[in-house]
Structures are given as C-alpha cells and as structure tokens.
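Source file entry-v2.csv; content: CSV, C-alpha atoms.
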```csv
chain,number,residue,atom,x,y,z
I,1,MET,CA,0.0,0.0,0.0
I,2,ALA,CA,1.3,3.4,-0.9
I,3,LYS,CA,1.9,6.0,1.8
I,4,VAL,CA,0.6,9.6,1.9
I,5,ARG,CA,3.6,11.6,3.0
I,6,LEU,CA,3.3,15.2,4.1
I,7,TYR,CA,6.7,16.7,3.3
I,8,ILE,CA,6.9,20.3,4.2
I,9,ALA,CA,9.0,23.1,5.6
I,10,GLN,CA,7.8,25.0,8.7
I,11,SER,CA,9.1,28.0,10.7
I,12,LEU,CA,10.0,27.4,14.4
I,13,ASP,CA,6.7,29.0,15.3
I,14,GLY,CA,4.6,26.6,13.1
I,15,PHE,CA,4.0,28.6,9.9
I,16,ILE,CA,4.4,27.3,6.4
I,17,ALA,CA,4.1,30.7,4.8
I,18,ASN,CA,3.7,34.4,5.6
I,19,LEU,CA,0.1,35.7,5.8
I,20,ASP,CA,0.3,36.7,2.1
I,21,GLY,CA,1.5,33.2,1.2
I,22,GLY,CA,5.1,34.4,0.8
I,23,ILE,CA,8.1,32.1,1.6
I,24,GLY,CA,11.0,34.5,1.0
I,25,TRP,CA,12.5,33.4,4.4
I,26,LEU,CA,13.2,30.0,2.7
I,27,ASP,CA,15.5,31.7,0.1
I,28,ARG,CA,18.7,31.6,2.1
I,29,PHE,CA,18.3,27.9,2.5
I,30,ASN,CA,17.4,27.0,-1.1
I,31,GLN,CA,20.5,28.8,-2.3
I,32,GLU,CA,22.8,26.9,0.0
I,33,SER,CA,25.7,25.1,-1.7
I,34,GLY,CA,24.4,21.8,-3.1
I,35,GLU,CA,22.4,20.6,0.0
I,36,ASP,CA,19.0,19.4,-1.0
I,37,TYR,CA,17.8,18.2,2.4
I,38,GLY,CA,17.0,14.8,1.1
I,39,TYR,CA,14.6,16.2,-1.5
I,40,LYS,CA,15.9,14.2,-4.5
I,41,ALA,CA,15.8,10.9,-2.6
I,42,PHE,CA,12.3,11.6,-1.4
I,43,TYR,CA,11.0,12.8,-4.8
I,44,GLY,CA,12.3,9.5,-6.3
I,45,GLN,CA,9.8,7.6,-4.2
I,46,ILE,CA,6.9,9.7,-5.3
I,47,GLY,CA,4.5,8.8,-8.1
I,48,THR,CA,1.7,11.3,-7.4
I,49,LEU,CA,1.5,14.7,-5.8
I,50,LEU,CA,-1.6,15.9,-3.9
I,51,MET,CA,-2.4,19.5,-3.5
I,52,GLY,CA,-5.2,22.1,-3.1
I,53,GLY,CA,-6.0,24.8,-5.6
I,54,ASN,CA,-4.2,27.6,-3.8
I,55,THR,CA,-1.0,25.6,-3.4
I,56,TYR,CA,-1.1,24.6,-7.1
I,57,ALA,CA,-1.7,28.2,-8.1
I,58,GLN,CA,1.3,29.2,-6.0
I,59,VAL,CA,3.6,26.5,-7.4
I,60,LEU,CA,2.7,27.8,-10.9
I,61,GLY,CA,3.7,31.2,-9.8
I,62,PHE,CA,7.2,30.1,-8.9
I,63,ALA,CA,8.3,29.1,-12.4
I,64,PRO,CA,7.2,29.6,-16.1
I,65,GLU,CA,6.6,25.8,-16.5
I,66,TYR,CA,5.0,23.5,-14.0
I,67,VAL,CA,7.9,21.8,-12.4
I,68,HIS,CA,6.2,18.5,-11.5
I,69,SER,CA,5.1,17.3,-14.9
I,70,ASP,CA,7.4,14.3,-14.5
I,71,ARG,CA,4.8,13.0,-12.0
I,72,ARG,CA,1.1,12.8,-11.8
I,73,THR,CA,-0.5,15.6,-9.8
I,74,LEU,CA,-4.1,15.6,-8.4
I,75,VAL,CA,-5.3,19.1,-7.6
I,76,PHE,CA,-8.4,19.2,-5.4
I,77,THR,CA,-10.2,22.3,-6.4
I,78,SER,CA,-13.4,23.7,-7.9
I,79,ARG,CA,-11.6,26.6,-9.5
I,80,PRO,CA,-10.8,26.6,-13.3
I,81,LEU,CA,-7.0,26.4,-13.1
I,82,PRO,CA,-4.6,25.9,-16.0
I,83,VAL,CA,-4.0,22.2,-16.5
I,84,HIS,CA,-0.3,21.4,-17.2
I,85,LEU,CA,1.1,18.0,-18.3
I,86,GLY,CA,0.5,15.4,-15.7
I,87,VAL,CA,-2.1,17.5,-13.8
I,88,GLU,CA,-5.7,16.5,-13.1
I,89,LEU,CA,-8.2,18.8,-11.5
I,90,VAL,CA,-10.4,16.9,-9.1
I,91,THR,CA,-13.7,18.3,-7.7
I,92,GLY,CA,-15.6,17.0,-4.7
I,93,ASP,CA,-14.4,15.1,-1.7
I,94,PRO,CA,-10.7,14.2,-1.8
I,95,VAL,CA,-11.1,11.4,0.8
I,96,PRO,CA,-12.4,8.5,-1.4
I,97,VAL,CA,-10.0,9.6,-4.2
I,98,VAL,CA,-6.9,9.5,-2.0
I,99,ARG,CA,-8.1,6.3,-0.4
I,100,ALA,CA,-8.3,4.7,-3.8
I,101,GLN,CA,-4.9,6.1,-4.8
I,102,LYS,CA,-3.3,4.6,-1.7
I,103,ALA,CA,-4.7,1.2,-2.5
I,104,GLN,CA,-3.7,1.2,-6.1
I,105,ALA,CA,-0.5,3.3,-6.4
I,106,ASP,CA,3.0,1.6,-6.7
I,107,GLN,CA,4.8,4.7,-5.4
I,108,ASP,CA,4.1,7.0,-2.5
I,109,LEU,CA,1.9,10.1,-2.6
I,110,TRP,CA,3.3,13.5,-1.7
I,111,LEU,CA,0.8,15.6,0.1
I,112,VAL,CA,2.2,19.1,-0.8
I,113,GLY,CA,-0.6,21.2,0.9
I,114,GLY,CA,-2.4,23.4,1.7
I,115,GLY,CA,-4.0,23.6,5.0
I,116,GLN,CA,-7.5,22.6,4.0
I,117,LEU,CA,-6.4,19.4,2.2
I,118,VAL,CA,-4.1,18.5,5.1
I,119,ARG,CA,-7.0,18.9,7.6
I,120,THR,CA,-9.4,16.9,5.5
I,121,LEU,CA,-6.9,14.0,5.0
I,122,HIS,CA,-5.7,14.1,8.6
I,123,GLN,CA,-9.3,13.9,9.8
I,124,ALA,CA,-9.9,10.8,7.6
I,125,LYS,CA,-6.6,9.3,9.1
I,126,LEU,CA,-5.1,9.1,5.6
I,127,ILE,CA,-1.7,10.8,6.4
I,128,ASP,CA,0.9,8.2,7.0
I,129,GLU,CA,4.0,10.3,7.5
I,130,LEU,CA,5.0,13.8,8.3
I,131,ILE,CA,8.5,14.9,7.1
I,132,LEU,CA,9.0,18.3,8.8
I,133,SER,CA,11.9,20.5,7.8
I,134,LEU,CA,12.1,22.9,10.7
I,135,ILE,CA,13.5,26.2,9.5
I,136,PRO,CA,15.5,28.2,12.1
I,137,VAL,CA,13.3,31.3,11.8
I,138,THR,CA,10.4,32.8,13.7
I,139,LEU,CA,7.9,34.7,11.7
I,140,GLY,CA,5.4,35.9,14.4
I,141,ALA,CA,2.5,35.5,12.0
I,142,GLY,CA,1.6,33.4,9.0
I,143,ILE,CA,-0.3,30.5,7.6
I,144,PRO,CA,-0.3,27.6,10.0
I,145,LEU,CA,0.1,24.0,8.8
I,146,PHE,CA,-2.3,22.3,11.1
I,147,ALA,CA,-4.8,25.1,12.0
I,148,GLY,CA,-8.3,23.9,12.6
I,149,LEU,CA,-7.3,20.3,13.1
I,150,ALA,CA,-10.3,18.8,14.9
I,151,GLN,CA,-8.5,16.2,17.0
I,152,GLU,CA,-5.3,16.3,19.2
I,153,THR,CA,-3.0,13.8,17.6
I,154,PHE,CA,0.2,12.3,19.0
I,155,TRP,CA,3.0,11.2,16.7
I,156,THR,CA,5.9,8.8,17.0
I,157,LEU,CA,9.3,10.2,16.1
I,158,ALA,CA,10.9,8.0,13.4
I,159,GLN,CA,14.0,9.9,12.4
I,160,THR,CA,15.9,13.2,13.0
I,161,GLN,CA,18.6,14.9,11.0
I,162,SER,CA,20.2,18.3,11.5
I,163,PHE,CA,22.0,20.2,8.8
I,164,GLN,CA,24.8,22.8,8.8
I,165,SER,CA,22.3,25.5,7.9
I,166,GLY,CA,20.4,24.9,11.2
I,167,ILE,CA,17.5,23.2,9.5
I,168,VAL,CA,16.3,20.1,11.4
I,169,GLN,CA,14.4,17.4,9.5
I,170,LEU,CA,12.0,15.4,11.6
I,171,VAL,CA,10.1,12.3,10.5
I,172,TYR,CA,6.9,11.5,12.4
I,173,ARG,CA,4.1,8.8,12.0
I,174,PRO,CA,0.7,9.6,13.4
I,175,LEU,CA,-0.9,7.7,16.3
I,176,TYR,CA,-4.5,8.2,15.2
I,177,PRO,CA,-6.9,8.1,18.2
U,1,MET,CA,26.9,38.6,31.7
U,2,ALA,CA,24.0,36.4,32.5
U,3,LYS,CA,21.9,35.0,29.7
U,4,VAL,CA,18.1,35.2,29.3
U,5,ARG,CA,17.1,31.7,28.3
U,6,LEU,CA,13.6,30.8,27.0
U,7,TYR,CA,13.2,27.2,28.0
U,8,ILE,CA,9.8,25.9,26.9
U,9,ALA,CA,7.8,23.0,25.5
U,10,GLN,CA,5.9,23.5,22.3
U,11,SER,CA,3.6,21.3,20.2
U,12,LEU,CA,4.6,20.4,16.6
U,13,ASP,CA,2.3,23.0,15.4
U,14,GLY,CA,3.7,25.8,17.5
U,15,PHE,CA,1.5,26.0,20.5
U,16,ILE,CA,2.6,26.2,24.2
U,17,ALA,CA,-0.9,25.5,25.6
U,18,ASN,CA,-4.5,24.8,24.5
U,19,LEU,CA,-6.7,27.9,24.0
U,20,ASP,CA,-7.9,27.6,27.6
U,21,GLY,CA,-4.2,27.5,28.8
U,22,GLY,CA,-4.4,23.7,29.4
U,23,ILE,CA,-1.3,21.5,29.0
U,24,GLY,CA,-2.8,18.1,29.6
U,25,TRP,CA,-1.1,16.8,26.4
U,26,LEU,CA,2.2,17.1,28.4
U,27,ASP,CA,1.1,14.7,31.0
U,28,ARG,CA,2.2,11.5,29.3
U,29,PHE,CA,5.7,12.9,29.0
U,30,ASN,CA,6.0,14.2,32.5
U,31,GLN,CA,5.1,10.8,33.9
U,32,GLU,CA,7.8,9.1,31.9
U,33,SER,CA,10.2,6.9,33.9
U,34,GLY,CA,12.9,9.2,35.3
U,35,GLU,CA,13.6,11.2,32.2
U,36,ASP,CA,13.8,14.9,33.0
U,37,TYR,CA,14.8,16.2,29.6
U,38,GLY,CA,17.8,18.1,31.0
U,39,TYR,CA,15.6,20.1,33.4
U,40,LYS,CA,17.6,19.6,36.6
U,41,ALA,CA,20.9,20.6,34.8
U,42,PHE,CA,19.2,23.6,33.3
U,43,TYR,CA,17.6,24.7,36.6
U,44,GLY,CA,20.9,24.4,38.3
U,45,GLN,CA,22.2,27.3,36.2
U,46,ILE,CA,19.3,29.6,36.9
U,47,GLY,CA,19.3,32.3,39.5
U,48,THR,CA,16.1,34.2,38.5
U,49,LEU,CA,12.9,33.3,36.8
U,50,LEU,CA,11.0,35.8,34.6
U,51,MET,CA,7.3,35.5,33.9
U,52,GLY,CA,4.1,37.3,33.2
U,53,GLY,CA,1.1,37.5,35.5
U,54,ASN,CA,-0.9,34.8,33.7
U,55,THR,CA,2.0,32.4,33.6
U,56,TYR,CA,2.6,32.9,37.3
U,57,ALA,CA,-1.1,32.4,38.1
U,58,GLN,CA,-1.0,29.2,36.1
U,59,VAL,CA,2.1,27.9,37.8
U,60,LEU,CA,0.4,28.6,41.2
U,61,GLY,CA,-2.6,26.6,40.0
U,62,PHE,CA,-0.4,23.5,39.4
U,63,ALA,CA,0.6,22.9,43.1
U,64,PRO,CA,-0.4,24.0,46.6
U,65,GLU,CA,3.0,25.7,47.1
U,66,TYR,CA,4.9,27.8,44.7
U,67,VAL,CA,7.5,25.4,43.4
U,68,HIS,CA,10.3,27.9,42.6
U,69,SER,CA,10.8,29.5,46.0
U,70,ASP,CA,14.3,28.2,45.9
U,71,ARG,CA,15.0,30.9,43.3
U,72,ARG,CA,14.2,34.5,42.8
U,73,THR,CA,11.2,35.1,40.6
U,74,LEU,CA,10.2,38.4,38.9
U,75,VAL,CA,6.6,38.5,37.9
U,76,PHE,CA,5.8,41.4,35.4
U,77,THR,CA,2.2,42.3,36.1
U,78,SER,CA,-0.1,45.0,37.3
U,79,ARG,CA,-2.5,42.5,38.9
U,80,PRO,CA,-2.6,42.0,42.7
U,81,LEU,CA,-1.3,38.4,42.7
U,82,PRO,CA,-0.3,36.4,45.8
U,83,VAL,CA,3.4,36.9,46.7
U,84,HIS,CA,5.2,33.7,47.7
U,85,LEU,CA,8.7,33.3,49.0
U,86,GLY,CA,11.2,34.6,46.5
U,87,VAL,CA,8.6,36.3,44.3
U,88,GLU,CA,8.6,40.0,43.4
U,89,LEU,CA,5.8,41.6,41.5
U,90,VAL,CA,7.2,44.2,39.1
U,91,THR,CA,5.0,46.8,37.4
U,92,GLY,CA,5.9,48.9,34.3
U,93,ASP,CA,8.3,48.1,31.5
U,94,PRO,CA,10.2,44.8,31.9
U,95,VAL,CA,13.0,45.9,29.5
U,96,PRO,CA,15.1,48.1,31.8
U,97,VAL,CA,14.6,45.6,34.6
U,98,VAL,CA,15.7,42.6,32.6
U,99,ARG,CA,18.6,44.5,31.1
U,100,ALA,CA,19.8,45.4,34.6
U,101,GLN,CA,19.4,41.8,35.8
U,102,LYS,CA,21.4,40.5,32.9
U,103,ALA,CA,24.3,42.9,33.7
U,104,GLN,CA,24.3,42.1,37.4
U,105,ALA,CA,23.2,38.5,37.8
U,106,ASP,CA,25.7,35.7,38.5
U,107,GLN,CA,23.4,33.0,37.2
U,108,ASP,CA,21.2,32.8,34.1
U,109,LEU,CA,17.6,34.0,33.9
U,110,TRP,CA,14.9,31.6,32.8
U,111,LEU,CA,12.2,33.3,30.7
U,112,VAL,CA,9.3,31.1,31.6
U,113,GLY,CA,6.6,33.0,29.5
U,114,GLY,CA,4.1,34.0,28.6
U,115,GLY,CA,3.6,35.4,25.1
U,116,GLN,CA,3.5,39.1,25.9
U,117,LEU,CA,6.7,39.0,27.9
U,118,VAL,CA,8.4,36.9,25.3
U,119,ARG,CA,7.4,39.4,22.6
U,120,THR,CA,8.5,42.4,24.6
U,121,LEU,CA,11.9,40.9,25.5
U,122,HIS,CA,12.5,39.6,22.0
U,123,GLN,CA,11.7,43.0,20.5
U,124,ALA,CA,14.3,44.5,22.8
U,125,LYS,CA,16.8,41.8,21.7
U,126,LEU,CA,17.2,40.5,25.2
U,127,ILE,CA,16.6,36.8,24.6
U,128,ASP,CA,19.9,35.0,24.3
U,129,GLU,CA,18.8,31.4,23.9
U,130,LEU,CA,15.8,29.4,23.0
U,131,ILE,CA,15.6,25.8,24.4
U,132,LEU,CA,12.7,24.3,22.6
U,133,SER,CA,11.3,20.9,23.6
U,134,LEU,CA,9.3,19.9,20.6
U,135,ILE,CA,6.5,17.6,21.8
U,136,PRO,CA,5.3,15.0,19.2
U,137,VAL,CA,1.7,16.2,19.2
U,138,THR,CA,-0.4,18.4,17.0
U,139,LEU,CA,-3.2,20.4,18.7
U,140,GLY,CA,-4.7,22.3,15.8
U,141,ALA,CA,-5.4,25.3,18.0
U,142,GLY,CA,-3.9,26.9,21.0
U,143,ILE,CA,-1.7,29.7,22.4
U,144,PRO,CA,1.3,30.3,20.2
U,145,LEU,CA,4.7,31.1,21.6
U,146,PHE,CA,5.8,33.8,19.3
U,147,ALA,CA,2.5,35.3,18.1
U,148,GLY,CA,2.6,38.9,17.2
U,149,LEU,CA,6.4,39.1,17.0
U,150,ALA,CA,7.1,42.2,15.1
U,151,GLN,CA,10.2,41.1,13.2
U,152,GLU,CA,11.2,38.0,11.3
U,153,THR,CA,14.2,36.5,13.2
U,154,PHE,CA,16.7,33.9,12.1
U,155,TRP,CA,18.3,31.6,14.7
U,156,THR,CA,21.4,29.5,14.7
U,157,LEU,CA,21.0,25.9,15.8
U,158,ALA,CA,23.4,25.2,18.7
U,159,GLN,CA,22.3,21.7,19.8
U,160,THR,CA,19.8,19.0,19.2
U,161,GLN,CA,18.9,15.9,21.3
U,162,SER,CA,16.1,13.4,20.7
U,163,PHE,CA,14.5,11.3,23.4
U,164,GLN,CA,12.9,7.9,23.5
U,165,SER,CA,9.5,9.5,24.0
U,166,GLY,CA,9.7,11.3,20.7
U,167,ILE,CA,10.5,14.7,22.3
U,168,VAL,CA,13.2,16.6,20.4
U,169,GLN,CA,15.1,19.3,22.3
U,170,LEU,CA,16.5,22.1,20.1
U,171,VAL,CA,18.8,24.9,21.3
U,172,TYR,CA,18.9,28.1,19.2
U,173,ARG,CA,20.5,31.5,19.5
U,174,PRO,CA,18.9,34.5,17.8
U,175,LEU,CA,20.5,36.4,15.0
U,176,TYR,CA,18.9,39.7,15.7
U,177,PRO,CA,18.5,41.9,12.6
```

Whole structure, structure tokens version:
Amino acid sequence: MAKVRLYIAQSLDGFIANLDGGIGWLDRFNQESGEDYGYKAFYGQIGTLLMGGNTYAQVLGFAPEYVHSDRRTLVFTSRPLPVHLGVELVTGDPVPVVRAQKAQADQDLWLVGGGQLVRTLHQAKLIDELILSLIPVTLGAGIPLFAGLAQETFWTLAQTQSFQSGIVQLVYRPLYP
Amino acid sequence: MAKVRLYIAQSLDGFIANLDGGIGWLDRFNQESGEDYGYKAFYGQIGTLLMGGNTYAQVLGFAPEYVHSDRRTLVFTSRPLPVHLGVELVTGDPVPVVRAQKAQADQDLWLVGGGQLVRTLHQAKLIDELILSLIPVTLGAGIPLFAGLAQETFWTLAQTQSFQSGIVQLVYRPLYP
C-alpha cells in the first residue's frame, strides 16, 4: 500500500508561509551550496502529488513551467485552473479519491498542501508520515500547517537529522486516536 | 553577563498551551520513567525566573505551594497576585529591569513565559537562547509562543537531542536583525 507523506517546511513557530503566502524566508536555505535536504531521494519515491488549488496556483507562480510534470498531480479544487502536463483537476471530496490512490499506487503520494487538504486527509486518518523540515526562523504570524485540526494527535518520532544551515528534519508517524 | 534563556515546551504546530491554557497533552511525557529532559541541569544554572502574570497564576494553580521559591522570581504584572517566598511583583516596562538583571546576575535568567513578555523581550533583543522541547503532538489550535512578534528573526542551531518518548530538544541562539 502506498503512503501519503506530508513533506513540508515550517518555521520554528509553526508557519508554512507568511500571511500573504510568501516564503521568502526560505530563500537563504534554497540557495545553499548543493544541500538538497533529502529532496531528490524523497522525490524519487513519489508517483503522485496531492495539493489544493491555492497551493497549485502558488507553485505555478514560482516558475514559467509546471515543475512536477514528470509526476502525476491531483489538484483538489473547484476553480478553473490551468492544466499542465500530468495534472488532473479533481472536484468533490478528496477522501475517497486519495483512499483509492493509496490502495492502487505503486509509489508514494506526496501531500504538498495546503491547510484545508491537510486537515481533510488528517481527519480521515489518511496521512501516513510527516516529514517536517524545521527552518530556524520565527515569523510571528503566517499560515499555520495544522490550523483547525479537529483532534489532538500524538505522533511517533521515526527519524531526525540536522543540517549545517540549522535546518532540522524530523520524520513522524501519526498515532491516530 | 547572565543569559536570558527561554526554556519551553511546544507542540509540533507551534502551541505552548491549549486555547484555555491547558497543557494536559504534556502529562504523558512528565510521567515518563525518570527522564527529566535536562531540566535539573538547566535549573541548576538559573538564579532568577522571569514570567508574566498569567503564567505565574497558572504555575500557582499546578501545586499547593509555589515550586520555585528556591529561586528569585520576577513577575511582570499590574495584577494583585499572591506573593510567595522569592517572588517580586514588578509593574511597568520589563525591558530596563531585565537589562539590569542581565548585567548584574551571577546566574542565568529563565524566561518562563508568557507570550506578551516573550514578545517584549524579543523586541528588545534581550533573549539570548531558546531551548525548545518539541512535543510530538499536533493540537490544531492553542496559544502560540511567538504570536505577534514584530520582526522575522533567524536563529542559529546550537544543539539537538532526541529522546525515546519522541520529544526533540533544540537549542537556538537568535541572529537579531
């Protein structure tokens, strides 16, 4: 069975983006000499990306081409967004769709975001792994990763790794109540 | 010069307490067999505790006696709170008081919380160290540690340690802009 893996960067104070969606505070880490924080190895295990409409629109804003056309991407949205190679727009409840993907897929699913999709899939106990890159910055305000989560959830710590830049990568698996 | 050290436990999603101030999700870790997460060693380096009125009131609620009477405690508040052994209520701006303490004290100062005092001292660039015990739980809502911080701040990672329970302790020093 394929795993749904939430692979995401978060500030020390729990935000994945500024209030306006900006992630400029990540720039100094992206530009670091050659360190990819395990991204290539992770991406090699991924067959399908899962994201909400806002996240997709934002990814499109970062580059002239859609950078994940080498994978399948399911965008859960009711908005008419541009469809790039490999992208499917999915309307309606993501839960049965993702459940079916988990059962059928050969490779893992990367849950990219955003918050609403994360909440929905967490509520349905469909998230199998959280790979959290903790960025050594405090923002004071921003878009939280888990805001509005209905249930308190404990996680087991599977792995930790710290990098020269001060980023700490933590791998957790949920203990769903 | 003595250091102001913010030693605090936080959920994975950046909260130090539930919305009602509750920290019941910490219970399963407190009760763990003998592991004190470096608390005794840390406390041994502390001469003075710094906290806001709400935090002090909450600490008083945990036990029949004030548990830090073996240290000096400065409570920054304008509320008439009960004064236990070692406790001084301080009204007015905490910044000059803490600045003077840092210059005079032989031992370090533990910034216990809460949010308003943390913001004020961070704004004045008086926090020297953040010792963050990252609890493997997501709450979805709660009281954030750094909410309302005016400036984006980068931190250097000084130390990491992970525990059997899944708690990860991270030590950071601020790079004030």

Proximity check chain U to chain I, 10 Å, nearest pairs one decimal Å, only C-alpha atoms, as a tab-separated table:
```
residue	atom	partner	partner_atom	distance
U:Gln10	CA	I:Asp13	CA	8.9
U:Ser11	CA	I:Gly14	CA	8.9
U:Leu12	CA	I:Gly14	CA	7.1
U:Asp13	CA	I:Gly14	CA	4.9
U:Gly14	CA	I:Gly14	CA	4.6
U:Phe15	CA	I:Asp13	CA	7.9
U:Trp25	CA	I:Glu152	CA	8.4
U:Arg119	CA	I:Gly140	CA	9.1
U:Leu132	CA	I:Leu12	CA	9.2
U:Leu134	CA	I:Leu12	CA	9.8
U:Ile135	CA	I:Phe154	CA	8.7
U:Pro136	CA	I:Trp155	CA	5.1
U:Val137	CA	I:Phe154	CA	4.2
U:Thr138	CA	I:Thr153	CA	5.3
U:Leu139	CA	I:Glu152	CA	4.6
U:Gly140	CA	I:Leu149	CA	4.2
U:Ala141	CA	I:Ala147	CA	6.0
U:Gly142	CA	I:Ala147	CA	9.2
U:Pro144	CA	I:Asp13	CA	7.4
U:Leu145	CA	I:Asp13	CA	6.9
U:Phe146	CA	I:Gly140	CA	5.3
U:Ala147	CA	I:Gly140	CA	4.7
U:Gly148	CA	I:Gly140	CA	5.0
U:Leu149	CA	I:Gly140	CA	4.2
U:Ala150	CA	I:Gly140	CA	6.6
U:Gln151	CA	I:Leu139	CA	7.0
U:Glu152	CA	I:Leu139	CA	4.7
U:Thr153	CA	I:Thr138	CA	5.3
U:Phe154	CA	I:Val137	CA	4.3
U:Trp155	CA	I:Pro136	CA	5.1
U:Thr156	CA	I:Gly166	CA	5.9
U:Leu157	CA	I:Gly166	CA	4.7
U:Ala158	CA	I:Gly166	CA	8.1
U:Gln159	CA	I:Ser162	CA	9.2
U:Thr160	CA	I:Ser162	CA	7.7
U:Gln161	CA	I:Thr160	CA	9.2
U:Ser162	CA	I:Thr160	CA	7.7
U:Phe163	CA	I:Leu157	CA	9.0
U:Gln164	CA	I:Leu157	CA	8.5
U:Ser165	CA	I:Thr156	CA	7.9
U:Gly166	CA	I:Leu157	CA	4.7
U:Ile167	CA	I:Leu157	CA	7.8
U:Val168	CA	I:Thr160	CA	8.6
U:Leu170	CA	I:Val168	CA	8.9
U:Tyr172	CA	I:Pro136	CA	7.9
U:Arg173	CA	I:Pro136	CA	9.5
U:Pro174	CA	I:Val137	CA	8.8
U:Leu175	CA	I:Val137	CA	9.4
```

Checklist entry - What lies within 7 Å of range 72-84 of chain U using only C-alpha atoms, ignoring chain neighbours under 4 positions off, as an NGL selection string? => result :U and (47-53 or 56 or 66 or 88-91 or 94)

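Using only C-alpha atoms, the smallest distance between any of I:Asp27, I:Asp20, I:Asp128, I:Asp108 and Phe42 in chain I comes from I:Asp108.
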
Item to check | Atom pair CA of Gln107 in chain I / CA of Gln45 in chain I: separation (Å) | outcome: 5.9 Å

Next on the checklist: Using all atoms listed in the file - which residues lie no farther than 12 Å from the point (18.2, 43.2, 30.8) in the file's frame? Write them as an NGL selection string.
Outcome noted: :U and (1-5 or 50 or 93-105 or 108-109 or 111 or 120-122 or 124-128)

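Put simply, CA of Gly86 in chain I is 7.1 Å away from CA of Asp70 in chain I.
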
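Rounded to one decimal, CA of Ala9 in chain U and CA of Ser133 in chain U lie 4.5 Å from each other.
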
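With only C-alpha atoms as the atoms that count, the minimum distance from Tyr43 in chain U to the choices U:Asn18, U:Gly92, U:Asn30, U:Val112 is reached by U:Val112.
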
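Among the candidates I:Leu26, I:Val118, I:Val87, I:Ala63, the one nearest to Leu130 in chain I when counting only C-alpha atoms is I:Val118.
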
Restore N, CA and C atoms in range 78-93 of chain I and list the result as a PDB file, keeping the file's coordinate frame.
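Okay, this is what ended up in out-v9.pdb:
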```
ATOM      1  N   SER I  78     -12.285  23.423  -7.007  1.00  0.00           N
ATOM      2  CA  SER I  78     -13.400  23.700  -7.900  1.00  0.00           C
ATOM      3  C   SER I  78     -13.171  24.860  -8.785  1.00  0.00           C
ATOM      4  N   ARG I  79     -11.922  25.390  -8.695  1.00  0.00           N
ATOM      5  CA  ARG I  79     -11.600  26.600  -9.500  1.00  0.00           C
ATOM      6  C   ARG I  79     -11.085  26.103 -10.892  1.00  0.00           C
ATOM      7  N   PRO I  80     -11.337  26.924 -11.920  1.00  0.00           N
ATOM      8  CA  PRO I  80     -10.800  26.600 -13.300  1.00  0.00           C
ATOM      9  C   PRO I  80      -9.371  27.017 -13.384  1.00  0.00           C
ATOM     10  N   LEU I  81      -8.461  26.126 -13.038  1.00  0.00           N
ATOM     11  CA  LEU I  81      -7.000  26.400 -13.100  1.00  0.00           C
ATOM     12  C   LEU I  81      -6.385  25.856 -14.309  1.00  0.00           C
ATOM     13  N   PRO I  82      -5.280  26.442 -14.768  1.00  0.00           N
ATOM     14  CA  PRO I  82      -4.600  25.900 -16.000  1.00  0.00           C
ATOM     15  C   PRO I  82      -4.117  24.490 -15.726  1.00  0.00           C
ATOM     16  N   VAL I  83      -4.350  23.620 -16.690  1.00  0.00           N
ATOM     17  CA  VAL I  83      -4.000  22.200 -16.500  1.00  0.00           C
ATOM     18  C   VAL I  83      -2.683  21.943 -17.317  1.00  0.00           C
ATOM     19  N   HIS I  84      -1.631  21.676 -16.587  1.00  0.00           N
ATOM     20  CA  HIS I  84      -0.300  21.400 -17.200  1.00  0.00           C
ATOM     21  C   HIS I  84      -0.187  19.855 -17.380  1.00  0.00           C
ATOM     22  N   LEU I  85       0.845  19.456 -18.086  1.00  0.00           N
ATOM     23  CA  LEU I  85       1.100  18.000 -18.300  1.00  0.00           C
ATOM     24  C   LEU I  85       1.184  17.287 -16.975  1.00  0.00           C
ATOM     25  N   GLY I  86       0.447  16.214 -16.877  1.00  0.00           N
ATOM     26  CA  GLY I  86       0.500  15.400 -15.700  1.00  0.00           C
ATOM     27  C   GLY I  86      -0.544  15.786 -14.612  1.00  0.00           C
ATOM     28  N   VAL I  87      -1.212  16.923 -14.828  1.00  0.00           N
ATOM     29  CA  VAL I  87      -2.100  17.500 -13.800  1.00  0.00           C
ATOM     30  C   VAL I  87      -3.565  17.090 -14.081  1.00  0.00           C
ATOM     31  N   GLU I  88      -4.265  16.674 -13.051  1.00  0.00           N
ATOM     32  CA  GLU I  88      -5.700  16.500 -13.100  1.00  0.00           C
ATOM     33  C   GLU I  88      -6.398  17.299 -12.072  1.00  0.00           C
ATOM     34  N   LEU I  89      -7.417  18.039 -12.473  1.00  0.00           N
ATOM     35  CA  LEU I  89      -8.200  18.800 -11.500  1.00  0.00           C
ATOM     36  C   LEU I  89      -9.330  17.864 -11.001  1.00  0.00           C
ATOM     37  N   VAL I  90      -9.451  17.771  -9.687  1.00  0.00           N
ATOM     38  CA  VAL I  90     -10.400  16.900  -9.100  1.00  0.00           C
ATOM     39  C   VAL I  90     -11.408  17.708  -8.249  1.00  0.00           C
ATOM     40  N   THR I  91     -12.689  17.609  -8.533  1.00  0.00           N
ATOM     41  CA  THR I  91     -13.700  18.300  -7.700  1.00  0.00           C
ATOM     42  C   THR I  91     -14.273  17.330  -6.712  1.00  0.00           C
ATOM     43  N   GLY I  92     -14.919  17.852  -5.689  1.00  0.00           N
ATOM     44  CA  GLY I  92     -15.600  17.000  -4.700  1.00  0.00           C
ATOM     45  C   GLY I  92     -14.647  16.503  -3.628  1.00  0.00           C
ATOM     46  N   ASP I  93     -15.116  15.559  -2.857  1.00  0.00           N
ATOM     47  CA  ASP I  93     -14.400  15.100  -1.700  1.00  0.00           C
ATOM     48  C   ASP I  93     -13.113  14.378  -2.002  1.00  0.00           C
TER      49      ASP I  93
END
```
